[in-house]
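Below is one structure, written out as structure tokens; comments come after it.
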Amino acid sequence: MSKRLTAACIGIMLTLTLWPQGLLLEGGYAFVSMPEWNRATRVYNFSRPFLTQPQPLLRHGYGAEFTYTFRADRRLLQQVGMRIVSTESRARGGQHVAWLRCHLLAPGYGLQWNPRAGREGLRLSVFVAPVLTLLRRKLNGSWSSEEGAPSGATGNGGEVRVKICWLTALSGGRAGISCSAGLGPALYAPRAEAVINQTQRLVTGPQTVFFSATAGLCYLIGPAPQTAGR
Amino acid sequence: MNRRKFVSQAAWVSAGSLFISPLLLPGCSAKDLFSGMNYEGRVLIIGAGAAGLYAGYLLKMNGIDFTIVEAGAEVGGRLGKLTGFADYDIDTGAQWMHGRHHILGDLAAKAGTMLTRDETALSYWFNQQIVDALPRDPFIFEGEALPDISFRDYAHDQGYGPEYDNIIEAIAGDQGAAASALSAYWNYKDEENWVSGDEDYKFRATYFDFFYEHVAAQVIGHVRLNSIVSEVDYTSDTVAVTLSGGEVLLADKVIVTVPVAVLKLEEILFSPRLPAEKTEAFSRFGMGPGMKVFLKFTHKFYSDNLLGGAVCAAYIDDTVGKVTQDHVLMAFVMGDQAAALHALGSDEAITQALLTELDLVYNGQASPAWLASSIHDYTDRPFIRGAYGYSTVGMGDARSVAARPVDNKIFFAGEAMNTNGHHQTVQGAVESACKAVIDLIDGVAP
Ligand SMILES: Cc1cc2nc3c(=O)[nH]c(=O)nc-3n(C[C@H](O)[C@H](O)[C@H](O)COP(=O)(O)OP(=O)(O)OC[C@H]3O[C@@H](n4cnc5c(N)ncnc54)[C@H](O)[C@@H]3O)c2cc1C
């Protein structure tokens, strides 16, 4: 079994290195929106009129993505990627400070349409990805779990995402801009309300649809183009 | 297409994708909670306990017209304080803040309120002696596999003999119930949702003072005391609330926060009658006898916490977390034990029964050291009618049915209506008030 596995791994690695592949690195602004979580946050603020700074919705943050492209010289390409998004928000009222942080991890598989079959210009990708989230809360400097209250809520779901990327030559590689928008029909995070609003099943259901979008810069690392390009 | 043109088009496409997609999401296009809320109706809140006062506070902060009618001569309901008995003020109702991960915990943090974590250890009166640990762990009431039978029956089924009966009584008493009446399964199902944290906190002053200063004081001008509601008529669009003296108050929406025992006893008549499923749900709640007896002594001869007495299953040093020179022991009596003490009929008899038990436990030290008692009996207290609501055998979904609004006009709040595991607490009452106000606003949102 392990011999077969090793042989398969070597095979995959050989294929990857023989083909003209590419590694796309992206980073920039990220926006996420989970309507049920937003509702829990609004309820949190509504039920605490004493907050001088209400909890902003967990929407804005930063994201990074690594996409490995097989056969970067084709018009229609296969990709695998890993996306990480982190958002944060903070509420305040006198000595009360509540931090919320959400990390989202999406290891995806995608198809890319590369009209010029080269390493520059416009690329359009469609990704499907399982999504894992970790929501955390820190209250007055300490993680809630220190006193037995839930400090974290994990979530899982899936998303479909469309990405547009435009690349141009830059010393040693290709650089450009990219943006993406994704929609997840269901993110199952039954403890999210407990972390956000300190209540369980009072105002939200266990799952939420979710939307995410990113905009930023990208950089492509890979061998020189063979069939097309400059 | 030249490069410049492409860049500008790509930018427009990406900007469009960022802003159009959220609009397509149902959760974003649905009525956006509270935004643009401009309710001009009039709300009447029945009861000025924690739930009623917090509901009023939220309405006030949102500029909504409201009045709170309270049957008693004071606000607070099951939050109350006793002054002059000792050299510190004593909470006669709620005393501990259970966990601090909730609205009131946040409020206390915001206000910088002095809290002390109660870390006192438990000891037990077991087989006629005081022990720090029991041969078997009596805290066995957790898990999906629990049957829908009483705490007492479950403990017996698990092989706990009669020597554990008073310990089990103390555990059930914490839920305001007799061990013979509290459902092992439904109590667990309620507690499963508990997310406030495990620690208990005591106020340097009192829970009552904290609540009064930060919540009640904000709405006190809207409270009508000594106003007993006898009837709520919601036949027409405007709800008519009749007071015992015959005065009729009109409102567009009513939030009922009276204890569930008051609803069970039908001390308020609803016209038309509340739906049968609702009155049936009220009847499935337990809310029984309960009292706090404060015993003042010349010196401390007792443990911080002693569970397992036959007259009172839980004796607790009341001075923990207080700045005091006095020695006050609190007898926390619930369920059958409270019924038995209540039946004695006088404060003297109740004090005597407790001192007799304490003399037995502490080798005759109690009676000679006793100075005074103060008894706070909720058993048949007008407008309260018991300690707090608990889940009986066969409880089922009674809590959520009871808490549902009727006709988008009558909303229910109060500790027993808390459906998220924090019932029987002040924070639970407050959360139920938030839910009722949210339901009310959601119902009127455009
Ligand atoms: C002995 C005891 C100890 C407790 N200890 C704790 C504790 O340590 N920590 C904790 O968190 N909780 C504790 N609790 C529970 C806590 O006190 C309650 O959960 C909470 O105060 C209930 O608030 P409420 O608003 O739901 O009800 P209430 O406080 O009972 O308010 C209801 C109000 O409705 C009024 N009313 C009733 N009928 C009418 C009518 N017909 N017309 C007009 N008004 C009416 C009543 O007078 C009352 O003021 C304790 C309770 C008891 C009894």
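Residue numbering restarts at 1 in every chain; chains get A, B, ... in the order shown in the structure tokens, and ligands count up from 1 in that same order.
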Find the residues of chain A in contact range of chain B, meaning any atom within 7 Å when counting only C-alpha atoms, and list them as an MDAnalysis selection string. chainID A and resid 35 39 47:49 93:96 147:150 179 181 194 198:202 211 213
Write the residues of the selection above to a file with C-alpha atoms, as a compact mmCIF listing (two decimals), in the first residue's frame.
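result_32.txt written:
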# COMPACT_ATOMS: atom_id res chain seq x y z
CA PRO A 35 -26.34 37.01 7.00
CA ARG A 39 -28.10 39.19 12.48
CA SER A 47 -29.40 44.27 23.24
CA ARG A 48 -26.41 46.23 24.58
CA PRO A 49 -27.32 49.88 24.07
CA GLY A 93 -18.00 50.15 26.22
CA GLY A 94 -15.93 51.50 29.09
CA GLN A 95 -13.79 48.65 30.37
CA HIS A 96 -15.65 46.16 28.21
CA GLU A 147 -14.37 30.33 32.14
CA GLY A 148 -16.13 27.56 30.30
CA ALA A 149 -17.98 29.80 27.83
CA PRO A 150 -17.37 28.91 24.21
CA CYS A 179 -10.65 40.01 -7.80
CA ALA A 181 -16.63 36.81 -5.70
CA ALA A 194 -22.89 31.58 21.09
CA GLN A 198 -23.45 34.84 23.86
CA THR A 199 -26.71 33.00 23.29
CA GLN A 200 -27.46 29.69 21.67
CA ARG A 201 -30.33 29.29 19.19
CA LEU A 202 -32.08 32.44 20.33
CA PHE A 211 -20.77 35.62 0.36
CA ALA A 213 -15.20 38.84 -2.30
Using only C-alpha atoms, which protein or nucleic acid residues come within 6 Å of range 371-380 of chain B? Drop anything in the same chain fewer than 2 positions from it, and give the result as a PyMOL selection string. chain B and resi 289-297+385-387
The selected residues should be written to file as an mmCIF file, in the first residue's frame (atoms: N, CA and C atoms).
data_model
loop_
_atom_site.group_PDB
_atom_site.id
_atom_site.type_symbol
_atom_site.label_atom_id
_atom_site.label_comp_id
_atom_site.auth_asym_id
_atom_site.auth_seq_id
_atom_site.Cartn_x
_atom_site.Cartn_y
_atom_site.Cartn_z
ATOM 1 N N PRO B 289 -42.433 26.004 45.745
ATOM 2 C CA PRO B 289 -42.006 26.711 46.950
ATOM 3 C C PRO B 289 -40.506 26.995 46.955
ATOM 4 N N GLY B 290 -40.144 28.104 47.544
ATOM 5 C CA GLY B 290 -38.733 28.456 47.665
ATOM 6 C C GLY B 290 -38.574 29.593 48.646
ATOM 7 N N MET B 291 -37.504 29.553 49.412
ATOM 8 C CA MET B 291 -37.239 30.669 50.332
ATOM 9 C C MET B 291 -35.757 30.799 50.626
ATOM 10 N N LYS B 292 -35.406 32.006 51.043
ATOM 11 C CA LYS B 292 -34.058 32.272 51.531
ATOM 12 C C LYS B 292 -34.205 32.711 52.978
ATOM 13 N N VAL B 293 -33.461 32.076 53.864
ATOM 14 C CA VAL B 293 -33.503 32.499 55.265
ATOM 15 C C VAL B 293 -32.093 32.945 55.652
ATOM 16 N N PHE B 294 -31.987 34.174 56.124
ATOM 17 C CA PHE B 294 -30.681 34.682 56.552
ATOM 18 C C PHE B 294 -30.601 34.568 58.069
ATOM 19 N N LEU B 295 -29.555 33.894 58.529
ATOM 20 C CA LEU B 295 -29.365 33.681 59.964
ATOM 21 C C LEU B 295 -28.083 34.397 60.368
ATOM 22 N N LYS B 296 -28.241 35.325 61.312
ATOM 23 C CA LYS B 296 -27.070 36.103 61.734
ATOM 24 C C LYS B 296 -26.533 35.514 63.039
ATOM 25 N N PHE B 297 -25.218 35.310 63.077
ATOM 26 C CA PHE B 297 -24.587 34.687 64.248
ATOM 27 C C PHE B 297 -23.488 35.586 64.818
ATOM 28 N N ARG B 385 -45.500 33.905 43.274
ATOM 29 C CA ARG B 385 -46.074 32.561 43.418
ATOM 30 C C ARG B 385 -45.088 31.413 43.254
ATOM 31 N N GLY B 386 -43.863 31.621 43.697
ATOM 32 C CA GLY B 386 -42.912 30.500 43.650
ATOM 33 C C GLY B 386 -41.499 31.015 43.442
ATOM 34 N N ALA B 387 -40.561 30.095 43.316
ATOM 35 C CA ALA B 387 -39.151 30.488 43.179
ATOM 36 C C ALA B 387 -38.825 30.815 41.719
#
List every residue of chain B that has an atom at most 6 Å from any atom of ligand 1, and for each one report the closest atom pair and its distance in Å to one decimal, counting only C-alpha atoms and all ligand atoms, with rows sorted by chain and then by increasing residue number, as a Markdown table.
| residue | atom | partner | partner_atom_place_in_ligand_line | distance |
| --- | --- | --- | --- | --- |
| B:Ile46 | CA | ligand 1 | 43 (C) | 5.2 |
| B:Gly47 | CA | ligand 1 | 34 (O) | 3.3 |
| B:Ala48 | CA | ligand 1 | 49 (O) | 4.7 |
| B:Gly49 | CA | ligand 1 | 31 (O) | 3.3 |
| B:Ala50 | CA | ligand 1 | 25 (O) | 3.9 |
| B:Ala51 | CA | ligand 1 | 25 (O) | 3.7 |
| B:Gly52 | CA | ligand 1 | 25 (O) | 5.6 |
| B:Val69 | CA | ligand 1 | 43 (C) | 5.5 |
| B:Glu70 | CA | ligand 1 | 44 (N) | 3.9 |
| B:Ala71 | CA | ligand 1 | 43 (C) | 3.8 |
| B:Gly72 | CA | ligand 1 | 47 (O) | 4.9 |
| B:Gly76 | CA | ligand 1 | 29 (O) | 5.7 |
| B:Gly77 | CA | ligand 1 | 49 (O) | 3.3 |
| B:Arg78 | CA | ligand 1 | 29 (O) | 3.8 |
| B:Leu79 | CA | ligand 1 | 21 (O) | 5.1 |
| B:Gly93 | CA | ligand 1 | 2 (C) | 4.3 |
| B:Ala94 | CA | ligand 1 | 6 (C) | 3.2 |
| B:Gln95 | CA | ligand 1 | 8 (O) | 3.7 |
| B:Trp96 | CA | ligand 1 | 8 (O) | 3.7 |
| B:Met97 | CA | ligand 1 | 11 (O) | 5.3 |
| B:His98 | CA | ligand 1 | 11 (O) | 5.8 |
| B:Ser227 | CA | ligand 1 | 43 (C) | 5.9 |
| B:Ile228 | CA | ligand 1 | 42 (N) | 3.8 |
| B:Val229 | CA | ligand 1 | 42 (N) | 3.8 |
| B:Ser230 | CA | ligand 1 | 41 (N) | 5.7 |
| B:Thr257 | CA | ligand 1 | 32 (C) | 5.6 |
| B:Val258 | CA | ligand 1 | 34 (O) | 3.9 |
| B:Pro259 | CA | ligand 1 | 30 (O) | 5.1 |
| B:Ile268 | CA | ligand 1 | 41 (N) | 5.7 |
| B:Met291 | CA | ligand 1 | 1 (C) | 5.4 |
| B:Lys292 | CA | ligand 1 | 1 (C) | 5.5 |
| B:Phe383 | CA | ligand 1 | 37 (C) | 3.9 |
| B:Ile384 | CA | ligand 1 | 30 (O) | 5.4 |
| B:Ala387 | CA | ligand 1 | 53 (C) | 3.9 |
| B:Tyr388 | CA | ligand 1 | 53 (C) | 5.8 |
| B:Gly414 | CA | ligand 1 | 26 (O) | 3.1 |
| B:Glu415 | CA | ligand 1 | 26 (O) | 3.9 |
| B:Gln424 | CA | ligand 1 | 19 (O) | 4.1 |
| B:Thr425 | CA | ligand 1 | 11 (O) | 3.3 |
| B:Val426 | CA | ligand 1 | 11 (O) | 4.0 |
| B:Ala429 | CA | ligand 1 | 26 (O) | 4.6 |
Residue selection dump (C-alpha atoms) as a PDB file, in the first residue's frame:
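To be explicit, this is the file written out as selection-v7.pdb:
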ATOM      1  CA  ILE B  46     -46.671  44.076  32.459  1.00  0.00           C
ATOM      2  CA  GLY B  47     -44.249  43.500  35.346  1.00  0.00           C
ATOM      3  CA  ALA B  48     -41.230  45.504  36.526  1.00  0.00           C
ATOM      4  CA  GLY B  49     -38.860  42.630  37.255  1.00  0.00           C
ATOM      5  CA  ALA B  50     -35.588  42.160  35.377  1.00  0.00           C
ATOM      6  CA  ALA B  51     -37.353  41.268  32.116  1.00  0.00           C
ATOM      7  CA  GLY B  52     -39.870  44.109  32.165  1.00  0.00           C
ATOM      8  CA  VAL B  69     -47.227  48.495  35.006  1.00  0.00           C
ATOM      9  CA  GLU B  70     -46.157  46.748  38.173  1.00  0.00           C
ATOM     10  CA  ALA B  71     -48.460  45.144  40.736  1.00  0.00           C
ATOM     11  CA  GLY B  72     -46.044  45.573  43.630  1.00  0.00           C
ATOM     12  CA  GLY B  76     -37.227  44.490  40.831  1.00  0.00           C
ATOM     13  CA  GLY B  77     -39.554  41.512  41.224  1.00  0.00           C
ATOM     14  CA  ARG B  78     -37.314  38.615  42.246  1.00  0.00           C
ATOM     15  CA  LEU B  79     -34.395  41.018  42.588  1.00  0.00           C
ATOM     16  CA  GLY B  93     -33.685  37.304  45.528  1.00  0.00           C
ATOM     17  CA  ALA B  94     -31.068  36.805  42.839  1.00  0.00           C
ATOM     18  CA  GLN B  95     -27.587  37.063  44.265  1.00  0.00           C
ATOM     19  CA  TRP B  96     -25.029  35.376  42.008  1.00  0.00           C
ATOM     20  CA  MET B  97     -24.237  36.403  38.488  1.00  0.00           C
ATOM     21  CA  HIS B  98     -23.938  33.005  36.871  1.00  0.00           C
ATOM     22  CA  SER B 227     -51.028  48.655  39.338  1.00  0.00           C
ATOM     23  CA  ILE B 228     -52.328  45.106  39.213  1.00  0.00           C
ATOM     24  CA  VAL B 229     -53.271  43.954  35.744  1.00  0.00           C
ATOM     25  CA  SER B 230     -56.400  41.817  35.855  1.00  0.00           C
ATOM     26  CA  THR B 257     -43.273  39.481  31.895  1.00  0.00           C
ATOM     27  CA  VAL B 258     -45.117  38.108  34.926  1.00  0.00           C
ATOM     28  CA  PRO B 259     -43.818  34.829  36.423  1.00  0.00           C
ATOM     29  CA  ILE B 268     -54.530  37.641  34.423  1.00  0.00           C
ATOM     30  CA  MET B 291     -37.239  30.669  50.332  1.00  0.00           C
ATOM     31  CA  LYS B 292     -34.058  32.272  51.531  1.00  0.00           C
ATOM     32  CA  PHE B 383     -47.590  38.268  41.999  1.00  0.00           C
ATOM     33  CA  ILE B 384     -44.626  35.855  42.099  1.00  0.00           C
ATOM     34  CA  ALA B 387     -39.151  30.488  43.179  1.00  0.00           C
ATOM     35  CA  TYR B 388     -38.471  30.043  39.470  1.00  0.00           C
ATOM     36  CA  GLY B 414     -39.398  36.564  31.824  1.00  0.00           C
ATOM     37  CA  GLU B 415     -36.953  33.987  33.117  1.00  0.00           C
ATOM     38  CA  GLN B 424     -33.981  30.729  36.136  1.00  0.00           C
ATOM     39  CA  THR B 425     -31.458  33.566  35.998  1.00  0.00           C
ATOM     40  CA  VAL B 426     -31.503  37.333  35.767  1.00  0.00           C
ATOM     41  CA  ALA B 429     -34.882  37.147  32.001  1.00  0.00           C
TER      42      ALA B 429
END
Who sits within 7 Å of Gly335 in chain B, only C-alpha atoms, same chain under 6 positions skipped, as a VMD selection string: chain B and resid 173 176 to 178 288 to 290
Grab the residues selected above and save them as an mmCIF file, in the first residue's frame with N, CA and C atoms.
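Now in out39.cif:
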data_model
loop_
_atom_site.group_PDB
_atom_site.id
_atom_site.type_symbol
_atom_site.label_atom_id
_atom_site.label_comp_id
_atom_site.auth_asym_id
_atom_site.auth_seq_id
_atom_site.Cartn_x
_atom_site.Cartn_y
_atom_site.Cartn_z
ATOM 1 N N GLY B 173 -32.592 21.588 44.042
ATOM 2 C CA GLY B 173 -32.974 22.861 44.656
ATOM 3 C C GLY B 173 -32.319 24.042 43.952
ATOM 4 N N GLY B 176 -34.447 25.295 41.629
ATOM 5 C CA GLY B 176 -35.705 25.770 42.205
ATOM 6 C C GLY B 176 -36.742 24.681 42.331
ATOM 7 N N ALA B 177 -36.303 23.418 42.323
ATOM 8 C CA ALA B 177 -37.266 22.322 42.257
ATOM 9 C C ALA B 177 -37.032 21.280 43.330
ATOM 10 N N ALA B 178 -38.069 20.485 43.571
ATOM 11 C CA ALA B 178 -37.912 19.285 44.384
ATOM 12 C C ALA B 178 -37.315 18.213 43.480
ATOM 13 N N GLY B 288 -42.299 26.132 42.087
ATOM 14 C CA GLY B 288 -42.804 25.725 43.391
ATOM 15 C C GLY B 288 -42.230 26.521 44.543
ATOM 16 N N PRO B 289 -42.433 26.004 45.745
ATOM 17 C CA PRO B 289 -42.006 26.711 46.950
ATOM 18 C C PRO B 289 -40.506 26.995 46.955
ATOM 19 N N GLY B 290 -40.144 28.104 47.544
ATOM 20 C CA GLY B 290 -38.733 28.456 47.665
ATOM 21 C C GLY B 290 -38.574 29.593 48.646
#
Have a look at A:Leu134, A:Leu187, A:Ala8, A:Val32 and name the one nearest to Asn156 in chain A; count only C-alpha atoms.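 Ranked by minimum distance to Asn156 in chain A, first place goes to A:Leu187.
For Ser86 in chain A, the set of protein, DNA and RNA residues having any atom at most 7 Å away, when counting only C-alpha atoms and skipping those fewer than 4 positions along the same chain, is Gly61, Tyr62, Gly63, Cys102, His103 and Leu104 of chain A.
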